[in-house]
Structures are given as C-alpha cells and as structure tokens.
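As provided, upload30.cif (mmCIF, C-alpha atoms) reads as follows.
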```cif
data_query
loop_
_atom_site.label_atom_id
_atom_site.label_comp_id
_atom_site.auth_asym_id
_atom_site.auth_seq_id
_atom_site.Cartn_x
_atom_site.Cartn_y
_atom_site.Cartn_z
CA MET A 227 22.98 -18.27 21.66
CA SER A 228 21.37 -20.92 23.76
CA SER A 229 18.22 -21.54 25.70
CA ILE A 230 17.22 -24.22 28.14
CA LEU A 231 13.81 -25.10 29.50
CA ARG A 232 14.17 -26.29 33.05
CA PRO A 233 11.76 -26.50 36.03
CA PRO A 234 13.92 -24.90 38.74
CA SER A 235 13.16 -25.63 42.37
CA SER A 236 14.35 -23.71 45.39
CA ALA A 237 15.00 -27.03 47.08
CA GLN A 238 17.13 -28.22 44.16
CA LYS A 239 19.04 -25.09 43.35
CA PRO A 240 22.34 -26.04 41.67
CA THR A 241 25.45 -25.50 43.74
CA PRO A 242 29.07 -25.47 42.59
CA SER A 243 31.12 -28.61 43.15
CA SER A 244 34.65 -29.73 42.46
CA SER A 245 33.59 -30.99 39.04
CA GLN A 246 31.36 -28.02 38.21
CA GLU A 247 32.44 -24.51 37.29
CA PRO A 248 30.65 -21.79 39.34
CA ALA A 249 30.21 -19.65 36.23
CA THR A 250 28.03 -22.29 34.60
CA THR A 251 25.23 -22.13 37.17
CA ALA A 252 25.32 -18.33 37.18
CA GLU A 253 24.30 -18.26 33.51
CA PHE A 254 20.75 -19.42 34.26
CA ARG A 255 18.07 -16.82 35.01
CA PRO A 256 14.95 -18.24 36.68
CA ILE A 257 12.00 -16.34 35.21
CA SER A 258 9.12 -18.47 36.49
CA SER A 259 8.48 -21.59 38.55
CA HIS A 260 8.85 -23.70 35.38
CA LEU A 261 11.35 -21.84 33.23
CA ALA A 262 14.99 -20.80 33.44
CA ILE A 263 16.92 -19.29 30.54
CA THR A 264 20.47 -18.46 29.59
CA PRO A 265 19.91 -15.75 26.90
CA PRO A 266 20.09 -12.16 28.20
CA VAL A 267 16.92 -10.16 27.56
CA SER A 268 16.97 -6.49 26.54
CA VAL A 269 13.85 -4.31 26.84
CA VAL A 270 13.64 -1.30 24.51
CA ILE A 271 11.36 1.57 25.54
CA PRO A 272 10.98 4.54 23.15
CA ALA A 273 9.85 7.57 25.14
CA MET A 274 9.20 11.26 24.64
CA ASN A 275 7.85 13.26 27.57
CA GLU A 276 6.67 10.17 29.45
CA ALA A 277 8.01 11.04 32.92
CA GLU A 278 4.58 10.57 34.52
CA ASN A 279 4.02 7.17 32.93
CA LEU A 280 7.43 5.58 33.47
CA PRO A 281 6.80 4.65 37.14
CA TYR A 282 3.90 2.45 35.99
CA VAL A 283 5.95 0.95 33.16
CA PHE A 284 9.05 0.15 35.21
CA LYS A 285 7.00 -1.23 38.10
CA THR A 286 5.82 -4.12 35.94
CA LEU A 287 9.21 -5.01 34.41
CA PRO A 288 10.60 -8.32 35.74
CA GLU A 289 13.81 -8.16 37.75
CA TRP A 290 15.49 -10.90 35.73
CA ILE A 291 15.84 -8.93 32.49
CA HIS A 292 19.39 -8.16 31.40
CA GLU A 293 18.99 -4.48 30.54
CA VAL A 294 16.57 -1.66 29.87
CA VAL A 295 17.32 0.61 26.90
CA LEU A 296 15.36 3.87 27.02
CA VAL A 297 15.38 5.82 23.76
CA ASP A 298 14.71 9.46 24.59
CA GLY A 299 13.06 11.43 21.80
CA ASN A 300 14.36 14.82 22.96
CA SER A 301 12.02 15.00 25.95
CA THR A 302 11.39 18.38 27.56
CA ASP A 303 10.24 16.90 30.87
CA GLU A 304 12.16 14.69 33.32
CA THR A 305 11.81 11.45 31.37
CA VAL A 306 15.53 10.60 31.52
CA GLU A 307 15.94 11.56 35.19
CA VAL A 308 12.90 9.53 36.23
CA ALA A 309 14.11 6.50 34.26
CA ARG A 310 17.53 6.60 35.93
CA GLU A 311 15.95 6.91 39.36
CA LEU A 312 13.59 3.99 38.75
CA TRP A 313 16.17 1.71 37.09
CA PRO A 314 19.71 2.86 38.01
CA GLY A 315 21.34 0.69 35.36
CA VAL A 316 19.14 1.95 32.52
CA GLN A 317 20.94 2.65 29.25
CA VAL A 318 19.72 5.96 27.81
CA VAL A 319 20.01 6.48 24.07
CA ALA A 320 19.44 9.92 22.56
CA GLN A 321 17.25 9.56 19.49
CA ARG A 322 18.95 10.81 16.34
CA GLY A 323 15.88 11.52 14.23
CA ARG A 324 12.12 11.56 14.74
CA GLY A 325 9.37 8.97 14.86
CA LYS A 326 8.76 5.68 16.63
CA GLY A 327 10.49 3.63 13.96
CA ASP A 328 13.63 5.73 14.21
CA ALA A 329 13.56 5.41 18.01
CA LEU A 330 13.23 1.63 17.90
CA ILE A 331 16.03 1.24 15.38
CA SER A 332 18.30 3.34 17.61
CA GLY A 333 17.32 1.23 20.61
CA PHE A 334 17.89 -2.08 18.82
CA GLU A 335 21.41 -0.97 17.84
CA ALA A 336 22.23 -0.30 21.49
CA CYS A 337 20.96 -3.65 22.81
CA THR A 338 23.46 -6.25 24.03
CA GLY A 339 20.95 -9.03 24.80
CA ASP A 340 20.18 -12.03 22.61
CA ILE A 341 16.44 -11.41 23.02
CA ILE A 342 14.90 -7.98 22.41
CA VAL A 343 11.50 -6.91 23.73
CA MET A 344 9.65 -3.79 22.53
CA VAL A 345 7.53 -2.02 25.18
CA ASP A 346 5.65 1.28 24.89
CA ALA A 347 6.25 3.98 27.50
CA ASP A 348 2.64 5.11 27.97
CA GLY A 349 1.68 2.48 30.55
CA SER A 350 -0.55 0.55 28.14
CA ALA A 351 1.57 -2.62 28.27
CA ASP A 352 1.99 -4.98 31.20
CA GLY A 353 5.66 -5.92 31.65
CA GLY A 354 4.52 -9.05 33.43
CA GLU A 355 3.61 -10.48 30.02
CA ILE A 356 7.27 -10.51 28.97
CA VAL A 357 7.62 -14.01 30.42
CA SER A 358 5.11 -15.29 27.83
CA TYR A 359 7.05 -13.71 24.98
CA VAL A 360 10.39 -15.07 26.19
CA SER A 361 8.90 -18.52 26.77
CA ALA A 362 7.73 -18.61 23.15
CA LEU A 363 11.18 -17.66 21.89
CA VAL A 364 13.16 -20.16 23.93
CA SER A 365 10.62 -22.80 22.88
CA GLY A 366 11.49 -22.33 19.22
CA ALA A 367 9.87 -19.17 17.83
CA ASP A 368 11.97 -16.51 16.09
CA PHE A 369 9.46 -13.70 16.60
CA ALA A 370 6.86 -13.45 19.39
CA LYS A 371 4.13 -11.10 18.22
CA GLY A 372 1.71 -9.56 20.66
CA SER A 373 -1.97 -9.74 19.73
CA ARG A 374 -4.88 -7.98 21.35
CA PHE A 375 -7.33 -10.15 19.40
CA ALA A 376 -5.88 -13.60 19.98
CA ASN A 377 -7.77 -15.74 22.49
CA GLY A 378 -6.90 -14.30 25.91
CA GLY A 379 -5.93 -10.84 24.64
CA GLY A 380 -7.87 -7.59 24.81
CA THR A 381 -7.76 -3.82 24.51
CA ASP A 382 -9.16 -0.88 26.46
CA ASP A 383 -7.77 1.70 24.05
CA MET A 384 -9.17 1.09 20.55
CA THR A 385 -12.17 2.83 19.07
CA PHE A 386 -14.51 0.97 16.74
CA ILE A 387 -12.97 2.75 13.73
CA ARG A 388 -9.44 1.75 14.73
CA LYS A 389 -10.51 -1.86 15.30
CA LEU A 390 -12.16 -1.94 11.89
CA GLY A 391 -9.11 -0.44 10.21
CA ASN A 392 -6.74 -2.82 11.97
CA ARG A 393 -8.87 -5.80 10.98
CA ALA A 394 -9.00 -4.70 7.34
CA LEU A 395 -5.26 -4.06 7.10
CA CYS A 396 -4.55 -7.35 8.87
CA ALA A 397 -6.70 -9.20 6.34
CA VAL A 398 -4.77 -7.62 3.47
CA VAL A 399 -1.41 -8.66 4.94
CA ASN A 400 -2.64 -12.20 5.58
CA ARG A 401 -3.91 -12.55 2.03
CA LYS A 402 -0.99 -10.92 0.25
CA PHE A 403 1.88 -12.37 2.29
CA GLY A 404 0.50 -15.68 3.52
CA ALA A 405 0.44 -14.64 7.18
CA ARG A 406 -2.11 -15.75 9.78
CA TYR A 407 -2.17 -12.73 12.05
CA THR A 408 -5.06 -11.71 14.28
CA ASP A 409 -3.54 -8.28 15.00
CA LEU A 410 -1.30 -6.05 12.90
CA CYS A 411 -0.64 -2.63 14.39
CA TYR A 412 0.58 -3.46 17.88
CA GLY A 413 3.92 -2.49 19.39
CA TYR A 414 4.42 -5.18 22.03
CA ASN A 415 6.71 -7.75 20.39
CA ALA A 416 9.86 -9.76 21.14
CA PHE A 417 12.41 -11.47 18.95
CA TRP A 418 15.87 -12.97 18.76
CA ARG A 419 18.49 -10.39 17.92
CA HIS A 420 19.54 -12.29 14.79
CA CYS A 421 16.15 -11.47 13.21
CA LEU A 422 17.32 -7.87 12.66
CA ASP A 423 19.76 -9.09 10.01
CA LYS A 424 16.87 -10.55 8.02
CA ILE A 425 14.26 -7.81 8.19
CA GLU A 426 16.40 -4.67 7.67
CA LEU A 427 14.16 -1.98 9.15
CA ASP A 428 14.12 1.27 7.21
CA CYS A 429 11.07 3.34 8.22
CA THR A 430 10.68 5.98 10.90
CA GLY A 431 7.01 6.17 11.91
CA PHE A 432 4.35 4.09 13.67
CA GLU A 433 4.20 1.86 10.60
CA VAL A 434 7.45 0.21 11.72
CA GLU A 435 5.40 -2.44 13.55
CA THR A 436 3.57 -3.40 10.37
CA LEU A 437 6.84 -3.46 8.44
CA MET A 438 8.35 -5.86 10.98
CA ASN A 439 5.31 -8.14 10.84
CA ILE A 440 5.47 -8.32 7.06
CA ARG A 441 9.20 -8.83 6.77
CA VAL A 442 9.42 -11.63 9.33
CA VAL A 443 6.91 -13.52 7.20
CA LYS A 444 8.79 -12.73 3.99
CA ALA A 445 12.01 -13.92 5.64
CA GLY A 446 10.42 -17.24 6.54
CA LEU A 447 10.88 -16.73 10.29
CA LYS A 448 8.78 -18.69 12.76
CA VAL A 449 6.19 -16.38 14.33
CA GLN A 450 4.08 -17.10 17.40
CA GLU A 451 1.29 -14.78 18.50
CA ILE A 452 1.10 -13.96 22.21
CA PRO A 453 -2.25 -12.89 23.72
CA SER A 454 -1.75 -9.44 25.21
CA HIS A 455 -3.96 -6.89 26.92
CA GLU A 456 -3.60 -3.25 25.98
CA TYR A 457 -4.55 -0.80 28.73
CA LEU A 458 -5.44 2.87 28.44
CA ARG A 459 -2.62 5.40 28.33
CA ILE A 460 -2.24 6.63 31.90
CA HIS A 461 -1.11 10.24 31.39
CA GLY A 462 -0.85 12.49 28.36
CA ALA A 463 -2.23 12.25 24.86
CA SER A 464 -1.27 9.77 22.16
CA ASN A 465 0.43 10.95 18.98
CA LEU A 466 -1.46 8.28 17.03
CA ARG A 467 -3.81 9.58 14.33
CA ALA A 468 -6.05 6.83 12.98
CA VAL A 469 -6.53 8.05 9.40
CA ARG A 470 -3.03 9.46 8.85
CA ASP A 471 -1.22 6.48 10.34
CA GLY A 472 -3.62 4.01 8.73
CA LEU A 473 -2.70 5.42 5.33
CA ARG A 474 1.00 5.14 6.17
CA VAL A 475 0.49 1.50 7.13
CA LEU A 476 -1.34 0.85 3.85
CA LYS A 477 1.52 2.50 1.96
CA VAL A 478 4.02 0.15 3.62
CA ILE A 479 1.89 -2.88 2.71
CA LEU A 480 1.69 -1.81 -0.92
CA GLN A 481 5.42 -1.10 -1.10
CA GLU A 482 6.32 -4.48 0.38
CA ARG A 483 3.92 -6.19 -2.01
CA SER A 484 5.50 -4.34 -4.92
CA ASN A 485 8.98 -5.33 -3.77
CA ARG A 486 7.89 -8.96 -3.54
CA ARG A 487 6.55 -8.90 -7.09
CA GLU A 488 9.77 -7.35 -8.36
CA LEU A 489 11.84 -10.05 -6.66
CA ARG A 490 9.69 -12.76 -8.22
CA ARG A 491 10.11 -11.12 -11.61
CA GLN A 492 13.90 -11.12 -11.17
CA GLU A 493 13.81 -14.78 -10.17
CA ARG A 494 11.90 -15.70 -13.32
CA HIS A 495 14.51 -13.95 -15.45
CA SER A 496 17.48 -15.22 -13.43
CA PRO A 497 17.54 -18.99 -12.78
CA LEU A 498 20.70 -18.56 -10.67
CA LEU A 499 18.94 -16.14 -8.30
CA GLY A 500 16.01 -18.52 -7.93
CA SER A 501 18.27 -21.46 -7.12
CA VAL A 502 20.20 -19.43 -4.54
CA ARG A 503 16.96 -18.41 -2.81
CA GLY A 504 15.86 -22.04 -2.82
CA GLU A 505 19.07 -23.09 -1.09
CA VAL A 506 18.74 -20.36 1.54
CA SER A 507 15.11 -21.19 2.34
#
```
Translate the structure described by the file into structure tokens.
Amino acid sequence: MSSILRPPSSAQKPTPSSSQEPATTAEFRPISSHLAITPPVSVVIPAMNEAENLPYVFKTLPEWIHEVVLVDGNSTDETVEVARELWPGVQVVAQRGRGKGDALISGFEACTGDIIVMVDADGSADGGEIVSYVSALVSGADFAKGSRFANGGGTDDMTFIRKLGNRALCAVVNRKFGARYTDLCYGYNAFWRHCLDKIELDCTGFEVETLMNIRVVKAGLKVQEIPSHEYLRIHGASNLRAVRDGLRVLKVILQERSNRRELRRQERHSPLLGSVRGEVS
C-alpha cells in the first residue's frame, strides 16, 4: 500500500523511456491539480429502492475511482438496472441480511481497493467531496470522518431534535472514549482497508456509523474530520427514525463503554495482557 503526493502538470506528464517501465507511470491516478495517488479507491453504496436517486449520486462520482460496489438490499424497483446503466463496471452485491450495517459489511468484503469510501444512495452526499477524504488519507490519516458541523460543513436535512440528539450523543462519546468529534451519526466516511481488521464491525443497523467512530478511537487509529455538506434526500422517504435509532446508538455507546471497562479489568488482573497491549500500542 503506497501513496504519493505529487503536483502533476499536463505539460510535465511522465512518459516511458528506456530506463523507465511503462507500468510504473500507469499506477498514478491524477485526482486534482495538486494530487496524484497510487492506491485504488473503492466506493461502497448501500441501496434499497433508490433507482430515482442513483443518477444524482453517480453523476457526482469522480472518474478516477477504482470501482463502485453497490449493495442491493433486495430492491423491488430498477435500482440494479439503473446502476449498471450509469456505471457499466459497477459491482453489484446482493445483501444477505437486513439493515445498513449489514449492507456496508457486505460491501466492504467485496471491495478490492486499498481505500474504501462510504456514500449514501439518497443523493444527500456530494461525490465531489471524495477528493478531500482521499487527500486526508494519503496525507497520513487512517480514517477520514465526514462532519456536518466542522468548519465548512453543513446540513439541509436535520431537524432541531436530531441536531440536539446528535450533539448529546457526540458529547458522550468524546467524554467516554477520549474522542474530539464534532459529528457522530453521519455515513460519509473513508478509510484504509486495513482498518477493518482493527474495528471488527458486528452490528446491522444505522448505528454502524457510531460503532465505527468509537472503535477507530479505541484502536488508536489516526482520525481526521472532513467538512461535509449533507443535502436533502431527492426522492423517497428516509427509513431513519430519530427516537428509535437514537436509542440504538446510545445502546452501542453503552456496550462499547462496558467492553472497555471489562478489558481494563482483565488488564489489572493479568500483567501479561497489559504488557502485550502496551507493546502493540
């Protein structure tokens, strides 16, 4: 896995020579006027009955990404057909279970890229922001976390109650796990593939985003927040229910806190375990 920051110029585009292998120059993907990368980028889009929204989603995806993985949650409309028409090389994964967490886990398993980006299928995310996420990762971050409340971010889709709940839950996570998040329940994130080995996702619902945010902190991974703007869903109705899903998020926070306390208790009673953790960190 490698990444290189380089200001490419059309006037100085590398060309093969007798002392240079052609395959070497082909590894670089120019993604902006100041950045070229070698890692392939996979975009995972969980979708269920989003045929009307996919044209807006795919229109904003940059051409330089390595692959698009669409996880179909047993759609009854033409979600799969529309995706294949819009992006002929799209990899379609049939979701095994139910819930956003289950869909994302299925999508992550199918990715072949070194960098994985999570994008919602409702048209609320701007694919043009992916360059900011990737830039953060190739600059040294392990996990690039989208934030609607970081300086430069915003949202058109949150009620006052949802903002209040998100702020309260975010404050709890920051206090209990030593994080410094400005946003908690947001699904636009990117990370190096190797992070999956350290966070071991095991939940199926909307709370998967909170679980990821907590476990990257617990794993000691370097997190960088990326200002992001959330737009209104274009077509259809959201499956999000503020109270129900807020309680599920709180349950995840309490479970992770309980697990952390249990691990600390084991370390106190097992000097060997504590020394091993110290060597790993």
Open item on the list: Counting all atoms listed in the file, I want the residues whose atoms come within 9 Å of (1.4, -2.7, 30.4) in the file frame, returned as a PyMOL selection string.
Closed with: chain A and resi 282-283+286+345-355+455-457
Let's have the selection written as a short mmCIF file (atom, residue, chain, number, x, y, z; two decimals), keeping the file's coordinate frame, with C-alpha atoms.
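Below you can see result08.cif, which holds the result:
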```
data_model
loop_
_atom_site.label_atom_id
_atom_site.label_comp_id
_atom_site.auth_asym_id
_atom_site.auth_seq_id
_atom_site.Cartn_x
_atom_site.Cartn_y
_atom_site.Cartn_z
CA TYR A 282 3.90 2.45 35.99
CA VAL A 283 5.95 0.95 33.16
CA THR A 286 5.82 -4.12 35.94
CA VAL A 345 7.53 -2.02 25.18
CA ASP A 346 5.65 1.28 24.89
CA ALA A 347 6.25 3.98 27.50
CA ASP A 348 2.64 5.11 27.97
CA GLY A 349 1.68 2.48 30.55
CA SER A 350 -0.55 0.55 28.14
CA ALA A 351 1.57 -2.62 28.27
CA ASP A 352 1.99 -4.98 31.20
CA GLY A 353 5.66 -5.92 31.65
CA GLY A 354 4.52 -9.05 33.43
CA GLU A 355 3.61 -10.48 30.02
CA HIS A 455 -3.96 -6.89 26.92
CA GLU A 456 -3.60 -3.25 25.98
CA TYR A 457 -4.55 -0.80 28.73
#
```
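Evaluated against this file, the PyMOL selection byres ((chain A and resi 295) around 6) yields Val270, Val294, Leu296, Gln317 and Val318 of chain A.
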Just the selected residues (C-alpha atoms), exported as an mmCIF file, in the coordinates of the input, please.
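What ended up in result_25.cif:
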```
data_model
loop_
_atom_site.group_PDB
_atom_site.id
_atom_site.type_symbol
_atom_site.label_atom_id
_atom_site.label_comp_id
_atom_site.auth_asym_id
_atom_site.auth_seq_id
_atom_site.Cartn_x
_atom_site.Cartn_y
_atom_site.Cartn_z
ATOM 1 C CA VAL A 270 13.640 -1.300 24.510
ATOM 2 C CA VAL A 294 16.570 -1.660 29.870
ATOM 3 C CA LEU A 296 15.360 3.870 27.020
ATOM 4 C CA GLN A 317 20.940 2.650 29.250
ATOM 5 C CA VAL A 318 19.720 5.960 27.810
#
```
Open item on the list: I'd like the contact shell of Asn300 of chain A - 10 Å cut-off, all atoms listed in the file, skipping same-chain residues fewer than 5 positions apart - returned as a PyMOL selection string.
Closed with: chain A and resi 273-275+305-306+320-324
Open item on the list: Taking 2 positions as the minimum chain separation for residues in the same chain, which residues sit within 12 Å of Gly325 of chain A when counting only C-alpha atoms? Answer as number ranges by chain.
Closed with: A: 272-274, 297-300, 321-323, 327-332, 428-434, 465-466, 471
Open item on the list: Taking the file as I've supplied it (selection: the PyMOL selection byres ((chain A and resi 312) around 12)), which residues are included? Please answer as a ChimeraX atom specification.
Closed with: /A:277-287,294,296,305-311,313-316
Task: Point-to-point distance from atom CA of Asn439 of chain A to atom CA of Gly339 of chain A, Å rounded to tenths - done: 21.0 Å
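Summary of the local environment: counting all atoms listed in the file, residues at most 6 Å from Glu451 of chain A, other than itself and those fewer than 6 positions away along its chain, are Ala370, Lys371 and Gly372 of chain A.
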Open item on the list: From the options A:Lys326, A:His461, A:His292, A:Lys389, which residue's atoms come nearest to Glu435 of chain A, counting all atoms listed in the file?
Closed with: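 Ranking A:Lys326, A:His461, A:His292, A:Lys389 by distance to Glu435 of chain A, first place goes to A:Lys326.
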Task: Counting all atoms listed in the file, the residue of A:Thr436, A:Ser373, A:Thr338, A:Gln450 that sits nearest Arg474 of chain A - done: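 Closest to Arg474 of chain A of all the choices is A:Thr436.
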Open item on the list: Applying 9 Å and all atoms listed in the file, which residues near Leu437 of chain A remain after dropping the ones on its own chain fewer than 4 positions away? List them as a list in words.
Closed with: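 The residues that qualify are Ile425, Leu427, Asp428, Cys429, Glu433, Arg441, Val442, Val475, Val478, Ile479 and Glu482 of chain A.
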Task: Atomic separation - atom CA of Gly404 of chain A relative to atom CA of Ser484 of chain A, Å - done: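 Result for atom CA of Ser484 of chain A versus atom CA of Gly404 of chain A: 15.0 Å, one decimal.
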Open item on the list: Please compute the atom CA of Glu276 of chain A-atom CA of Gly379 of chain A distance, one decimal, in Å.
Closed with: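 Atom-to-atom, atom CA of Glu276 of chain A to atom CA of Gly379 of chain A, that is 25.0 Å.
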Task: Residues matched by the PyMOL selection byres ((chain A and resi 445) around 10) as a PyMOL selection string - done: chain A and resi 421+424-425+440-444+446-448+507
- [ ] Considering all atoms listed in the file, return as a VMD selection string whatever protein or nucleic-acid residues lie within 12 Å of Ile356 of chain A, sequence-local ones (same chain, fewer than 2 positions apart) excluded.
- [x] chain A and resid 257 to 258 267 to 269 286 to 291 341 to 345 351 to 354 358 to 363 370 to 372 414 to 417 452 to 455
Task: Nearest to Ser365 of chain A, chosen from A:Ile271, A:Ala463, A:Ile263, A:Leu390, with only C-alpha atoms counted in the distances - done: A:Ile263
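The residue that comes closest to Asn377 of chain A, out of A:Arg483, A:Lys477, A:Asp409, A:Leu422 and on the basis of all atoms listed in the file, is A:Asp409.
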Generate a file for segment 330-350 of chain A, containing N, CA, C and O atoms, as a short mmCIF file (atom, residue, chain, number, x, y, z; two decimals), in the first residue's frame.
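Written out: part.cif:
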```cif
data_model
loop_
_atom_site.label_atom_id
_atom_site.label_comp_id
_atom_site.auth_asym_id
_atom_site.auth_seq_id
_atom_site.Cartn_x
_atom_site.Cartn_y
_atom_site.Cartn_z
N LEU A 330 -23.30 -2.49 4.57
CA LEU A 330 -21.94 -1.98 4.49
C LEU A 330 -20.91 -3.07 4.68
O LEU A 330 -19.90 -3.14 3.97
N ILE A 331 -21.14 -3.96 5.63
CA ILE A 331 -20.21 -5.06 5.86
C ILE A 331 -20.08 -5.92 4.61
O ILE A 331 -18.98 -6.32 4.22
N SER A 332 -21.22 -6.20 3.96
CA SER A 332 -21.19 -6.98 2.72
C SER A 332 -20.41 -6.24 1.64
O SER A 332 -19.65 -6.85 0.88
N GLY A 333 -20.60 -4.93 1.56
CA GLY A 333 -19.89 -4.14 0.56
C GLY A 333 -18.41 -4.09 0.82
O GLY A 333 -17.59 -4.20 -0.11
N PHE A 334 -18.02 -3.91 2.09
CA PHE A 334 -16.60 -3.86 2.43
C PHE A 334 -15.90 -5.17 2.04
O PHE A 334 -14.77 -5.15 1.55
N GLU A 335 -16.56 -6.29 2.26
CA GLU A 335 -15.97 -7.59 1.93
C GLU A 335 -15.71 -7.73 0.43
O GLU A 335 -14.79 -8.44 0.02
N ALA A 336 -16.52 -7.05 -0.38
CA ALA A 336 -16.40 -7.18 -1.83
C ALA A 336 -15.39 -6.21 -2.43
O ALA A 336 -15.01 -6.34 -3.59
N CYS A 337 -14.93 -5.22 -1.64
CA CYS A 337 -14.03 -4.20 -2.17
C CYS A 337 -12.64 -4.78 -2.46
O CYS A 337 -12.14 -5.62 -1.73
N THR A 338 -12.03 -4.27 -3.53
CA THR A 338 -10.66 -4.67 -3.87
C THR A 338 -9.69 -3.50 -3.74
O THR A 338 -8.49 -3.68 -3.90
N GLY A 339 -10.18 -2.31 -3.46
CA GLY A 339 -9.33 -1.13 -3.34
C GLY A 339 -8.65 -1.04 -1.99
O GLY A 339 -9.09 -1.66 -1.01
N ASP A 340 -7.58 -0.27 -1.92
CA ASP A 340 -6.87 -0.03 -0.66
C ASP A 340 -7.59 1.00 0.20
O ASP A 340 -7.47 1.01 1.41
N ILE A 341 -8.33 1.91 -0.46
CA ILE A 341 -9.11 2.93 0.23
C ILE A 341 -10.59 2.65 -0.03
O ILE A 341 -10.98 2.36 -1.16
N ILE A 342 -11.40 2.73 1.03
CA ILE A 342 -12.84 2.48 0.92
C ILE A 342 -13.59 3.73 1.34
O ILE A 342 -13.30 4.32 2.39
N VAL A 343 -14.54 4.14 0.51
CA VAL A 343 -15.37 5.31 0.79
C VAL A 343 -16.82 4.88 0.92
O VAL A 343 -17.33 4.13 0.07
N MET A 344 -17.51 5.33 1.96
CA MET A 344 -18.92 5.04 2.17
C MET A 344 -19.76 6.22 1.69
O MET A 344 -19.54 7.35 2.12
N VAL A 345 -20.72 5.95 0.79
CA VAL A 345 -21.58 7.01 0.27
C VAL A 345 -23.03 6.54 0.29
O VAL A 345 -23.33 5.42 -0.15
N ASP A 346 -23.94 7.37 0.79
CA ASP A 346 -25.36 7.03 0.79
C ASP A 346 -25.95 7.15 -0.61
O ASP A 346 -25.46 7.92 -1.44
N ALA A 347 -27.05 6.41 -0.84
CA ALA A 347 -27.64 6.35 -2.18
C ALA A 347 -28.83 7.29 -2.35
O ALA A 347 -29.50 7.25 -3.38
N ASP A 348 -29.09 8.16 -1.38
CA ASP A 348 -30.28 9.01 -1.45
C ASP A 348 -30.03 10.37 -2.09
O ASP A 348 -30.93 11.20 -2.15
N GLY A 349 -28.79 10.62 -2.54
CA GLY A 349 -28.48 11.90 -3.16
C GLY A 349 -28.10 12.99 -2.18
O GLY A 349 -27.90 14.14 -2.57
N SER A 350 -27.95 12.64 -0.90
CA SER A 350 -27.63 13.65 0.11
C SER A 350 -26.14 13.97 0.17
O SER A 350 -25.75 14.99 0.74
#
```
